[in-house]
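Just final-v5.csv here, CSV, C-alpha atoms:
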chain,number,residue,atom,x,y,z
A,176,MET,CA,12.4,-17.6,-12.0
A,177,ARG,CA,15.2,-16.1,-9.8
A,178,LEU,CA,13.9,-12.7,-10.6
A,179,LEU,CA,10.3,-13.5,-9.7
A,180,ILE,CA,11.4,-15.2,-6.4
A,181,SER,CA,13.3,-12.0,-5.5
A,182,PHE,CA,10.0,-10.0,-6.0
A,183,ALA,CA,7.9,-12.6,-4.1
A,184,ALA,CA,7.6,-10.4,-1.0
A,185,ILE,CA,6.4,-7.4,-3.1
A,186,PHE,CA,3.8,-9.4,-4.9
A,187,VAL,CA,2.5,-11.1,-1.7
A,188,SER,CA,2.2,-7.6,-0.1
A,189,VAL,CA,0.2,-6.4,-3.2
A,190,ILE,CA,-2.3,-9.3,-2.8
A,191,LEU,CA,-2.8,-8.8,0.9
A,192,MET,CA,-3.2,-5.0,0.4
A,193,GLN,CA,-5.8,-5.6,-2.3
A,194,LEU,CA,-7.8,-8.0,-0.1
A,195,GLY,CA,-7.8,-5.5,2.7
A,196,SER,CA,-8.3,-2.1,1.1
A,197,GLY,CA,-10.1,-3.5,-1.9
A,198,GLY,CA,-12.5,-5.5,0.1
A,199,VAL,CA,-13.6,-2.5,2.2
A,200,VAL,CA,-15.0,-0.8,-0.9
A,201,PRO,CA,-18.1,-3.0,-1.5
A,202,LEU,CA,-18.4,-3.8,2.2
A,203,ASP,CA,-18.8,-0.1,3.1
A,204,ALA,CA,-21.6,0.2,0.5
A,205,LEU,CA,-23.5,-2.8,1.9
A,206,SER,CA,-22.8,-1.8,5.5
A,207,GLY,CA,-24.1,1.7,4.8
A,208,VAL,CA,-27.4,0.2,3.5
A,209,GLU,CA,-27.6,-2.0,6.7
A,210,LEU,CA,-27.1,1.0,8.9
A,211,GLY,CA,-29.6,3.2,7.1
A,212,PHE,CA,-27.2,5.6,5.4
A,213,SER,CA,-28.7,7.4,2.4
A,214,ALA,CA,-27.4,6.6,-1.1
A,215,SER,CA,-25.9,10.1,-1.3
A,216,ALA,CA,-24.0,9.5,2.0
A,217,ILE,CA,-22.6,6.2,0.7
A,218,GLY,CA,-21.6,8.0,-2.5
A,219,LEU,CA,-19.8,10.7,-0.5
A,220,ILE,CA,-17.9,8.0,1.4
A,221,GLY,CA,-16.8,6.5,-2.0
A,222,SER,CA,-15.6,10.0,-3.1
A,223,ALA,CA,-13.6,10.4,0.1
A,224,HIS,CA,-11.7,7.2,-0.8
A,225,PHE,CA,-10.4,8.8,-4.1
A,226,LEU,CA,-9.6,12.1,-2.4
A,227,GLY,CA,-7.4,10.2,0.0
A,228,PHE,CA,-6.0,8.3,-3.0
A,229,LEU,CA,-5.0,11.5,-4.7
A,230,ILE,CA,-3.4,12.8,-1.6
A,231,GLY,CA,-1.4,9.6,-1.2
A,232,CYS,CA,-0.2,9.7,-4.8
A,233,TRP,CA,1.1,13.2,-4.2
A,234,TRP,CA,2.6,12.9,-0.7
A,235,THR,CA,4.1,9.4,-0.6
A,236,PRO,CA,7.2,10.1,-2.9
A,237,ARG,CA,8.2,12.9,-0.6
A,238,LEU,CA,7.6,10.7,2.5
A,239,MET,CA,9.9,8.0,1.0
A,240,GLY,CA,12.6,10.5,0.5
A,241,GLU,CA,12.4,11.5,4.2
A,242,VAL,CA,12.1,8.2,6.0
A,243,GLY,CA,12.8,5.5,3.4
A,244,HIS,CA,10.7,2.8,1.7
A,245,SER,CA,10.1,0.4,4.5
A,246,ARG,CA,9.2,2.9,7.2
A,247,ALA,CA,6.9,4.8,4.8
A,248,PHE,CA,5.2,1.5,3.9
A,249,ALA,CA,4.8,0.6,7.5
A,250,ALA,CA,3.3,4.0,8.4
A,251,LEU,CA,0.9,4.0,5.5
A,252,THR,CA,-0.2,0.4,6.1
A,253,ALA,CA,-0.9,1.4,9.7
A,254,ALA,CA,-3.0,4.3,8.5
A,255,GLY,CA,-5.1,2.1,6.3
A,256,THR,CA,-5.6,-0.5,9.0
A,257,ILE,CA,-6.7,2.1,11.5
A,258,GLY,CA,-9.2,3.4,8.9
A,259,ILE,CA,-10.7,-0.1,8.5
A,260,LEU,CA,-10.8,-0.9,12.2
A,261,ALA,CA,-12.4,2.4,13.1
A,262,HIS,CA,-15.5,1.8,11.0
A,263,MET,CA,-17.5,-0.1,13.6
A,264,MET,CA,-16.4,2.2,16.4
A,265,VAL,CA,-18.2,5.2,15.0
A,266,THR,CA,-21.1,4.4,12.6
A,267,ASP,CA,-21.5,7.9,11.1
A,268,PRO,CA,-21.3,8.7,7.4
A,269,ILE,CA,-19.0,11.7,7.9
A,270,ALA,CA,-16.7,9.7,10.1
A,271,TRP,CA,-16.7,6.9,7.6
A,272,GLY,CA,-15.7,9.4,4.9
A,273,ILE,CA,-12.6,10.3,7.0
A,274,PHE,CA,-11.8,6.7,7.6
A,275,ARG,CA,-12.1,6.0,3.9
A,276,MET,CA,-9.7,8.9,3.2
A,277,ALA,CA,-7.2,7.0,5.3
A,278,THR,CA,-7.7,3.8,3.4
A,279,GLY,CA,-7.5,5.6,0.1
A,280,LEU,CA,-4.3,7.3,1.1
A,281,SER,CA,-2.9,4.0,2.4
A,282,ALA,CA,-3.7,2.2,-0.9
A,283,ALA,CA,-2.1,4.9,-3.1
A,284,GLY,CA,0.9,5.3,-0.8
A,285,CYS,CA,1.6,1.5,-0.6
A,286,TYR,CA,1.3,1.2,-4.4
A,287,THR,CA,3.6,4.1,-4.9
A,288,ILE,CA,6.3,2.5,-2.6
A,289,ILE,CA,5.9,-0.9,-4.3
A,290,GLU,CA,6.3,0.6,-7.8
A,291,ALA,CA,9.2,2.7,-6.7
A,292,TRP,CA,10.8,-0.5,-5.3
A,293,LEU,CA,10.2,-2.3,-8.6
A,294,GLN,CA,11.5,0.7,-10.5
A,295,GLY,CA,14.8,0.6,-8.6
A,296,LYS,CA,15.3,-3.1,-9.3
A,297,LEU,CA,14.2,-3.7,-12.8
A,298,THR,CA,16.3,-3.4,-16.0
A,299,ASN,CA,15.3,-3.3,-19.6
A,300,ALA,CA,16.2,-7.0,-19.8
A,301,ASN,CA,13.7,-8.1,-17.1
A,302,ARG,CA,11.1,-5.4,-17.1
A,303,GLY,CA,8.6,-7.1,-19.4
A,304,SER,CA,8.4,-10.4,-17.4
A,305,ALA,CA,8.3,-8.7,-14.0
A,306,MET,CA,5.6,-6.3,-15.1
A,307,GLY,CA,3.6,-9.1,-16.6
A,308,VAL,CA,3.5,-10.9,-13.2
A,309,TYR,CA,2.7,-7.6,-11.5
A,310,ARG,CA,-0.4,-7.1,-13.8
A,311,ILE,CA,-1.6,-10.6,-13.1
A,312,VAL,CA,-1.2,-10.1,-9.3
A,313,ASP,CA,-2.9,-6.7,-9.4
A,314,ILE,CA,-6.0,-8.0,-11.4
A,315,GLY,CA,-6.1,-11.3,-9.4
A,316,GLY,CA,-6.0,-9.4,-6.1
A,317,SER,CA,-8.8,-7.1,-7.2
A,318,LEU,CA,-10.9,-10.0,-8.3
A,319,ALA,CA,-10.5,-11.9,-5.0
A,320,ALA,CA,-11.4,-8.7,-3.1
A,321,GLN,CA,-14.7,-8.4,-5.0
A,322,MET,CA,-15.5,-12.1,-4.4
A,323,MET,CA,-14.9,-11.8,-0.7
A,324,ILE,CA,-18.0,-9.6,-0.3
A,325,GLY,CA,-20.2,-12.7,-0.5
A,326,PHE,CA,-18.7,-14.0,2.7
A,327,LEU,CA,-18.5,-10.9,4.8
A,328,ALA,CA,-21.5,-9.8,6.9
A,329,PRO,CA,-22.3,-6.1,6.5
A,330,ALA,CA,-21.8,-3.8,9.5
A,331,SER,CA,-20.0,-6.5,11.4
A,332,TYR,CA,-17.0,-6.2,13.7
A,333,PHE,CA,-15.7,-9.5,12.4
A,334,SER,CA,-15.8,-8.4,8.7
A,335,TYR,CA,-13.9,-5.2,9.3
A,336,ASN,CA,-11.5,-6.9,11.7
A,337,LEU,CA,-10.7,-9.6,9.0
A,338,LEU,CA,-10.0,-6.9,6.4
A,339,ALA,CA,-7.9,-5.0,8.8
A,340,LEU,CA,-5.9,-8.2,9.6
A,341,LEU,CA,-5.3,-8.8,5.9
A,342,ALA,CA,-4.2,-5.1,5.3
A,343,CYS,CA,-1.9,-5.3,8.3
A,344,ALA,CA,-0.4,-8.6,7.2
A,345,ALA,CA,0.8,-6.8,4.0
A,346,LEU,CA,3.5,-5.3,6.3
A,347,PHE,CA,5.4,-8.6,6.9
A,348,PRO,CA,6.6,-9.6,3.4
A,349,LEU,CA,8.0,-6.2,2.4
A,350,VAL,CA,9.3,-5.0,5.8
A,351,LEU,CA,11.0,-8.3,6.7
A,352,THR,CA,12.5,-9.0,3.2
A,353,LYS,CA,16.3,-9.1,3.2
A,354,ALA,CA,16.4,-7.4,-0.2
A,355,GLU,CA,17.9,-4.0,0.0
A,356,ALA,CA,15.5,-1.1,-0.7
A,357,PRO,CA,16.4,1.0,-3.7
A,358,LYS,CA,17.4,4.7,-3.4
A,359,SER,CA,14.4,7.0,-3.4
A,360,SER,CA,13.8,8.7,-6.8
A,361,LEU,CA,12.6,12.2,-7.3
A,362,ALA,CA,8.9,12.6,-7.3
A,363,PRO,CA,7.4,13.7,-10.7
A,364,ARG,CA,6.1,17.2,-11.0
A,365,LEU,CA,2.3,17.3,-11.1
A,366,ARG,CA,1.2,19.3,-14.1
A,367,PRO,CA,-2.3,18.2,-15.1
A,368,ILE,CA,-2.3,20.7,-18.0
A,369,LEU,CA,0.4,18.6,-19.7
A,370,ALA,CA,-2.1,15.8,-20.5
A,371,TRP,CA,-4.4,18.3,-22.3
A,372,GLN,CA,-1.5,19.9,-24.1
A,373,ARG,CA,-0.3,16.5,-25.4
A,374,SER,CA,-3.7,15.0,-26.2
A,375,PRO,CA,-7.1,16.5,-25.4
A,376,LEU,CA,-8.8,13.2,-26.2
A,377,GLY,CA,-6.4,11.3,-24.0
A,378,ALA,CA,-7.1,13.7,-21.1
A,379,VAL,CA,-10.9,13.5,-21.5
A,380,GLY,CA,-10.7,9.7,-21.9
A,381,VAL,CA,-9.0,9.2,-18.5
A,382,VAL,CA,-11.5,11.6,-16.8
A,383,VAL,CA,-14.4,9.5,-18.3
A,384,SER,CA,-12.6,6.3,-17.1
A,385,GLY,CA,-12.5,7.9,-13.6
A,386,VAL,CA,-16.2,8.7,-13.8
A,387,THR,CA,-16.9,5.1,-14.8
A,388,GLY,CA,-14.6,3.3,-12.3
A,389,GLY,CA,-15.4,5.6,-9.4
A,390,ALA,CA,-19.2,5.3,-9.9
A,391,PHE,CA,-19.3,1.5,-10.5
A,392,ARG,CA,-16.8,0.4,-7.8
A,393,MET,CA,-18.2,2.7,-5.1
A,394,VAL,CA,-22.0,2.7,-6.0
A,395,GLY,CA,-22.3,-0.6,-7.9
A,396,PRO,CA,-23.1,-2.5,-4.7
A,397,LEU,CA,-26.1,-0.2,-4.2
A,398,TYR,CA,-27.3,-1.0,-7.7
A,399,GLY,CA,-27.1,-4.7,-6.7
A,400,VAL,CA,-29.1,-4.2,-3.6
A,401,ALA,CA,-31.7,-2.1,-5.6
A,402,VAL,CA,-32.2,-4.9,-8.1
A,403,GLY,CA,-32.6,-7.6,-5.5
A,404,LEU,CA,-29.2,-9.3,-5.4
A,405,ASP,CA,-28.0,-10.9,-2.2
A,406,PRO,CA,-24.3,-10.3,-1.0
A,407,LYS,CA,-22.9,-13.3,-2.8
A,408,GLN,CA,-24.6,-12.3,-6.0
A,409,ILE,CA,-23.3,-8.8,-5.6
A,410,GLY,CA,-19.8,-10.2,-5.2
A,411,ALA,CA,-20.3,-12.2,-8.4
A,412,PHE,CA,-21.7,-9.1,-10.1
A,413,LEU,CA,-18.6,-7.0,-9.3
A,414,SER,CA,-16.3,-9.9,-10.2
A,415,ALA,CA,-17.9,-10.3,-13.6
A,416,TYR,CA,-17.0,-6.6,-14.2
A,417,VAL,CA,-13.4,-7.2,-13.3
A,418,ILE,CA,-13.2,-10.4,-15.4
A,419,GLY,CA,-14.7,-8.7,-18.4
A,420,GLY,CA,-12.2,-5.9,-18.1
A,421,ALA,CA,-9.2,-8.3,-17.7
A,422,VAL,CA,-10.2,-10.3,-20.7
A,423,ALA,CA,-10.6,-7.1,-22.9
A,424,GLN,CA,-7.4,-5.4,-21.9
A,425,PHE,CA,-5.0,-7.1,-24.3
A,426,PRO,CA,-7.2,-7.6,-27.4
A,427,MET,CA,-8.2,-3.9,-27.2
A,428,GLY,CA,-4.6,-2.9,-26.7
A,429,TRP,CA,-3.6,-4.9,-29.8
A,430,LEU,CA,-6.4,-3.2,-31.8
A,431,SER,CA,-5.2,0.2,-30.6
A,432,ASP,CA,-1.7,-0.6,-31.7
A,433,LYS,CA,-2.9,-1.8,-35.1
A,434,TYR,CA,-5.4,0.9,-35.9
A,435,ASP,CA,-6.0,4.6,-35.0
A,436,ARG,CA,-6.5,4.8,-31.3
A,437,ARG,CA,-9.1,7.4,-31.7
A,438,THR,CA,-11.2,4.9,-33.7
A,439,VAL,CA,-10.8,2.3,-31.0
A,440,LEU,CA,-11.8,4.8,-28.3
A,441,ALA,CA,-14.8,5.8,-30.3
A,442,TRP,CA,-16.0,2.2,-30.6
A,443,LEU,CA,-15.3,1.5,-27.0
A,444,SER,CA,-17.4,4.6,-26.0
A,445,ALA,CA,-20.3,3.4,-28.2
A,446,GLY,CA,-20.0,-0.1,-26.8
A,447,SER,CA,-20.1,1.3,-23.3
A,448,VAL,CA,-23.3,3.2,-23.9
A,449,VAL,CA,-24.8,0.0,-25.3
A,450,ALA,CA,-23.5,-2.0,-22.3
A,451,CYS,CA,-25.1,0.5,-19.9
A,452,VAL,CA,-28.5,0.2,-21.5
A,453,PHE,CA,-28.2,-3.6,-21.6
A,454,THR,CA,-27.2,-3.8,-17.9
A,455,VAL,CA,-30.1,-1.6,-16.8
A,456,PHE,CA,-32.7,-3.8,-18.6
A,457,ALA,CA,-30.9,-7.1,-17.8
A,458,GLN,CA,-32.6,-7.2,-14.4
A,459,ASP,CA,-35.8,-8.1,-16.1
A,460,PHE,CA,-34.3,-11.2,-17.7
A,461,GLY,CA,-32.8,-13.1,-14.8
A,462,LEU,CA,-29.6,-13.4,-12.8
A,463,TRP,CA,-27.4,-14.5,-15.7
A,464,ALA,CA,-28.5,-11.6,-17.8
A,465,VAL,CA,-27.3,-9.3,-15.0
A,466,PHE,CA,-23.9,-11.0,-14.8
A,467,THR,CA,-23.6,-10.9,-18.6
A,468,GLY,CA,-24.4,-7.1,-18.5
A,469,ALA,CA,-21.7,-6.6,-15.9
A,470,THR,CA,-19.2,-8.6,-18.0
A,471,LEU,CA,-20.0,-6.5,-21.1
A,472,PHE,CA,-19.7,-3.4,-19.1
A,473,GLY,CA,-16.2,-4.4,-17.9
A,474,LEU,CA,-15.2,-5.4,-21.5
A,475,THR,CA,-16.1,-2.0,-22.9
A,476,THR,CA,-15.1,0.4,-20.0
A,477,MET,CA,-12.0,-1.0,-18.3
A,478,PRO,CA,-9.6,-0.8,-21.3
A,479,LEU,CA,-10.4,2.9,-21.7
A,480,TYR,CA,-7.7,4.2,-19.3
A,481,SER,CA,-4.8,2.3,-20.8
A,482,ILE,CA,-5.8,3.2,-24.4
A,483,SER,CA,-6.3,6.9,-23.5
A,484,ALA,CA,-2.9,6.9,-21.8
A,485,ALA,CA,-1.2,5.3,-24.8
A,486,HIS,CA,-2.8,7.9,-27.1
A,487,ALA,CA,-1.5,10.7,-24.9
A,488,ASN,CA,2.0,9.1,-24.8
A,489,ASP,CA,2.0,9.0,-28.6
A,490,PHE,CA,2.5,12.7,-28.6
A,491,SER,CA,5.0,13.0,-25.8
A,492,ASN,CA,8.7,12.5,-25.6
A,493,ASP,CA,10.7,10.2,-23.2
A,494,ASP,CA,11.7,13.0,-20.9
A,495,GLU,CA,8.1,13.9,-20.0
A,496,ARG,CA,6.4,10.5,-19.9
A,497,VAL,CA,6.6,10.2,-16.1
A,498,GLU,CA,5.1,13.6,-15.6
A,499,LEU,CA,2.4,12.7,-18.1
A,500,SER,CA,1.6,9.5,-16.2
A,501,ALA,CA,1.1,11.6,-13.1
A,502,ALA,CA,-1.1,14.1,-14.9
A,503,LEU,CA,-3.3,11.4,-16.3
A,504,LEU,CA,-3.7,9.7,-13.0
A,505,PHE,CA,-4.6,13.0,-11.4
A,506,LEU,CA,-7.3,13.5,-14.0
A,507,TYR,CA,-8.6,10.0,-13.4
A,508,ALA,CA,-8.8,10.7,-9.7
A,509,ILE,CA,-10.8,13.9,-10.3
A,510,GLY,CA,-13.4,12.0,-12.3
A,511,ALA,CA,-13.5,9.3,-9.6
A,512,ILE,CA,-13.9,11.8,-6.8
A,513,ALA,CA,-16.9,13.4,-8.4
A,514,SER,CA,-18.8,10.5,-9.8
A,515,PRO,CA,-19.9,8.5,-6.7
A,516,VAL,CA,-21.7,11.5,-5.3
A,517,VAL,CA,-23.4,12.3,-8.5
A,518,ALA,CA,-24.3,8.6,-9.3
A,519,SER,CA,-25.7,8.0,-5.8
A,520,ALA,CA,-27.8,11.2,-6.0
A,521,LEU,CA,-29.2,10.1,-9.4
A,522,MET,CA,-30.0,6.7,-8.0
A,523,GLU,CA,-32.0,8.3,-5.2
A,524,ARG,CA,-33.9,10.5,-7.6
A,525,PHE,CA,-34.5,8.1,-10.6
A,526,GLY,CA,-33.8,4.6,-9.3
A,527,PRO,CA,-31.0,2.1,-9.8
A,528,GLY,CA,-30.6,3.0,-13.5
A,529,GLY,CA,-29.4,6.5,-12.5
A,530,MET,CA,-25.8,5.3,-12.1
A,531,PHE,CA,-25.7,3.8,-15.6
A,532,ALA,CA,-27.4,6.9,-17.0
A,533,LEU,CA,-24.5,9.0,-15.7
A,534,ILE,CA,-21.9,6.6,-17.1
A,535,ALA,CA,-23.7,6.4,-20.5
A,536,ALA,CA,-23.8,10.2,-20.7
A,537,ALA,CA,-20.1,10.4,-20.0
A,538,HIS,CA,-19.2,7.9,-22.7
A,539,PHE,CA,-21.6,9.5,-25.2
A,540,ALA,CA,-19.8,12.8,-24.6
A,541,LEU,CA,-16.5,11.0,-25.1
A,542,LEU,CA,-17.8,9.5,-28.3
A,543,VAL,CA,-18.8,12.9,-29.7
A,544,PHE,CA,-15.5,14.5,-28.6
A,545,GLY,CA,-13.5,11.6,-30.1
A,546,LEU,CA,-15.3,12.0,-33.5
A,547,MET,CA,-14.5,15.7,-33.4
A,548,ARG,CA,-10.8,15.0,-32.7
A,549,MET,CA,-10.7,12.5,-35.5
A,550,ARG,CA,-11.4,15.4,-37.9
A,551,VAL,CA,-8.1,17.1,-36.7
A,552,GLY,CA,-6.1,14.4,-38.5
A,553,ARG,CA,-3.0,14.7,-36.2
A,554,GLN,CA,-0.8,11.6,-36.3
A,555,PRO,CA,2.1,10.8,-33.9
A,556,GLU,CA,5.7,10.9,-35.1
A,557,HIS,CA,6.8,8.1,-32.8
A,558,PRO,CA,3.8,6.0,-31.7
A,559,THR,CA,4.2,4.1,-28.5
A,560,ALA,CA,3.2,0.5,-27.8
A,561,TRP,CA,0.1,0.0,-25.8
A,562,THR,CA,0.6,-1.4,-22.3
A,563,TYR,CA,-1.9,-2.2,-19.5
A,564,ARG,CA,-1.8,0.6,-17.0
A,565,PRO,CA,-3.3,0.0,-13.5
A,566,LYS,CA,-4.5,3.2,-11.8
A,567,THR,CA,-2.0,2.8,-8.9
A,568,SER,CA,0.5,5.6,-8.5
A,569,PHE,CA,2.2,8.6,-10.1
A,570,LEU,CA,5.4,6.5,-10.4
A,571,PHE,CA,3.9,3.9,-12.8
A,572,GLY,CA,5.2,5.8,-15.8
A,573,ARG,CA,8.8,5.2,-14.6
A,574,LEU,CA,8.2,1.4,-14.7
A,575,MET,CA,7.1,1.6,-18.3
A,576,ARG,CA,9.7,3.9,-19.7
A,577,LYS,CA,10.6,3.7,-23.4
A,578,PRO,CA,7.7,1.6,-24.5
A,579,ARG,CA,8.2,2.3,-28.2
A,580,ARG,CA,7.1,0.0,-31.0
A,581,PRO,CA,9.0,-0.5,-34.2
A,582,GLU,CA,8.0,2.1,-36.9
A,583,GLU,CA,6.1,0.6,-39.8

Using structure tokens, write down the structure that the file contains.
Amino acid sequence: MRLLISFAAIFVSVILMQLGSGGVVPLDALSGVELGFSASAIGLIGSAHFLGFLIGCWWTPRLMGEVGHSRAFAALTAAGTIGILAHMMVTDPIAWGIFRMATGLSAAGCYTIIEAWLQGKLTNANRGSAMGVYRIVDIGGSLAAQMMIGFLAPASYFSYNLLALLACAALFPLVLTKAEAPKSSLAPRLRPILAWQRSPLGAVGVVVSGVTGGAFRMVGPLYGVAVGLDPKQIGAFLSAYVIGGAVAQFPMGWLSDKYDRRTVLAWLSAGSVVACVFTVFAQDFGLWAVFTGATLFGLTTMPLYSISAAHANDFSNDDERVELSAALLFLYAIGAIASPVVASALMERFGPGGMFALIAAAHFALLVFGLMRMRVGRQPEHPTAWTYRPKTSFLFGRLMRKPRRPEE
């Protein structure tokens, strides 16, 4: 309990940051519709978020080394707040893309600083309990951000000001805490090829996870509008996706520890294709069918990143796991940058089902590739234990170092 109290400032900052930067994601999509932006323009705005996120992951460790944790956190929070506030000053898709790069950079940077702070304070004795709370806070904040969309009017000064206030409030707990900031650690080298060298299937899996998460989070609200959902229902639709993913994480992780991870990934991919088809046709069977489809979609797609990362870690050693974590997150971001643009263009051309067609095609390709990799027959010498891995920063690998499971 003493440990959790000492980290209270960090966890409160995470929640406020999630509410601010996470809430702007669906709000931008609905505001874009209100302002007459095309679906392709809204998709481009979503892609800009992940481009900023990627820049933030790469640049923040160096910024921390130059100015320290607290100052870097303050600067990045200010950048995100400015990005949110500026939305209603210039209602242009290109300008909004620039603003979303700022919020994406801010989110990635703030997560990097928070995880670096945790890394400097945790020991092997308390790592498990602290990270368990961190996961709950991260998922809970994400869920609350999606639910907020039902109460925020699109294209409204009040809505964006409220999110900016929440994002700015994230400054207070961390900057005013009396706890001493840890010494800045060296940033991991970014070697994306390392992920492919250790596990081609793990590398492809995180790219597909990026395609899925980027498309659904950024373009999902457009699907809700297209099938006739109101803002509160769209918030519930997005929340059902998060809930389904949260429920599935640990059972799927347990299965991937007990059985061949390639088999689990193959079944998840097949289930994702089925969930995509079900969700597309669910609109014809009422509101609860739509929510059920979103839950099933979250159940089958959200565990993909963590299991793919665990599979890649099975074939790495302790010295390179931090760099591998950075490589995997880089590949995730690449998939997430590309997918909103493609998904929105498909929706314009073929209707609301176009987004799920893209996601289903990506998972079908992963299924085929997974079955091909199963024929290789390679087994890890020292398998690692699965752990839930949020897509937050390049430094998350340091938090989960030495996650081995006992050899059977």

Practice prompt. Using all atoms listed in the file, determine which residues lie at most 12 Å from Arg246 in chain A, disregarding the query and same-chain residues fewer than 2 positions distant; provide the list as a list in words.
Written response: Thr235, Leu238, Met239, Gly240, Glu241, Val242, Gly243, His244, Phe248, Ala249, Ala250, Leu251, Thr252, Ala253, Gly284, Cys285, Ile288, Leu346, Leu349, Val350, Leu351 and Ala356 of chain A

Worksheet item: So which residues touch Val199 in chain A within 10 Å, counting all atoms listed in the file, skipping near sequence neighbours fewer than 4 positions away, as an NGL selection string?
Response: :A and (193-195 or 203-206 or 258-259 or 262 or 275 or 278 or 320-321 or 323-324 or 334-335 or 338-339)

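Residue nearest Leu397 in chain A within the list A:Ala223, A:Val439, A:Ala254, A:Ala214: A:Ala214 [criterion: smallest interatomic distance, only C-alpha atoms].
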
Worksheet, complete the sentence: Closest of A:Gly325, A:Pro236, A:Gly279, A:Gly420 to Ile257 in chain A, counting all atoms listed in the file, is A:Gly279

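Note that CA of Leu318 in chain A and CA of Leu413 in chain A are 8.3 Å apart.
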
Fill in: One-decimal distance in Å that lies between CA of Tyr286 in chain A and CA of Pro367 in chain A
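Computed distance, CA of Pro367 in chain A to CA of Tyr286 in chain A, equals 20.4 Å.
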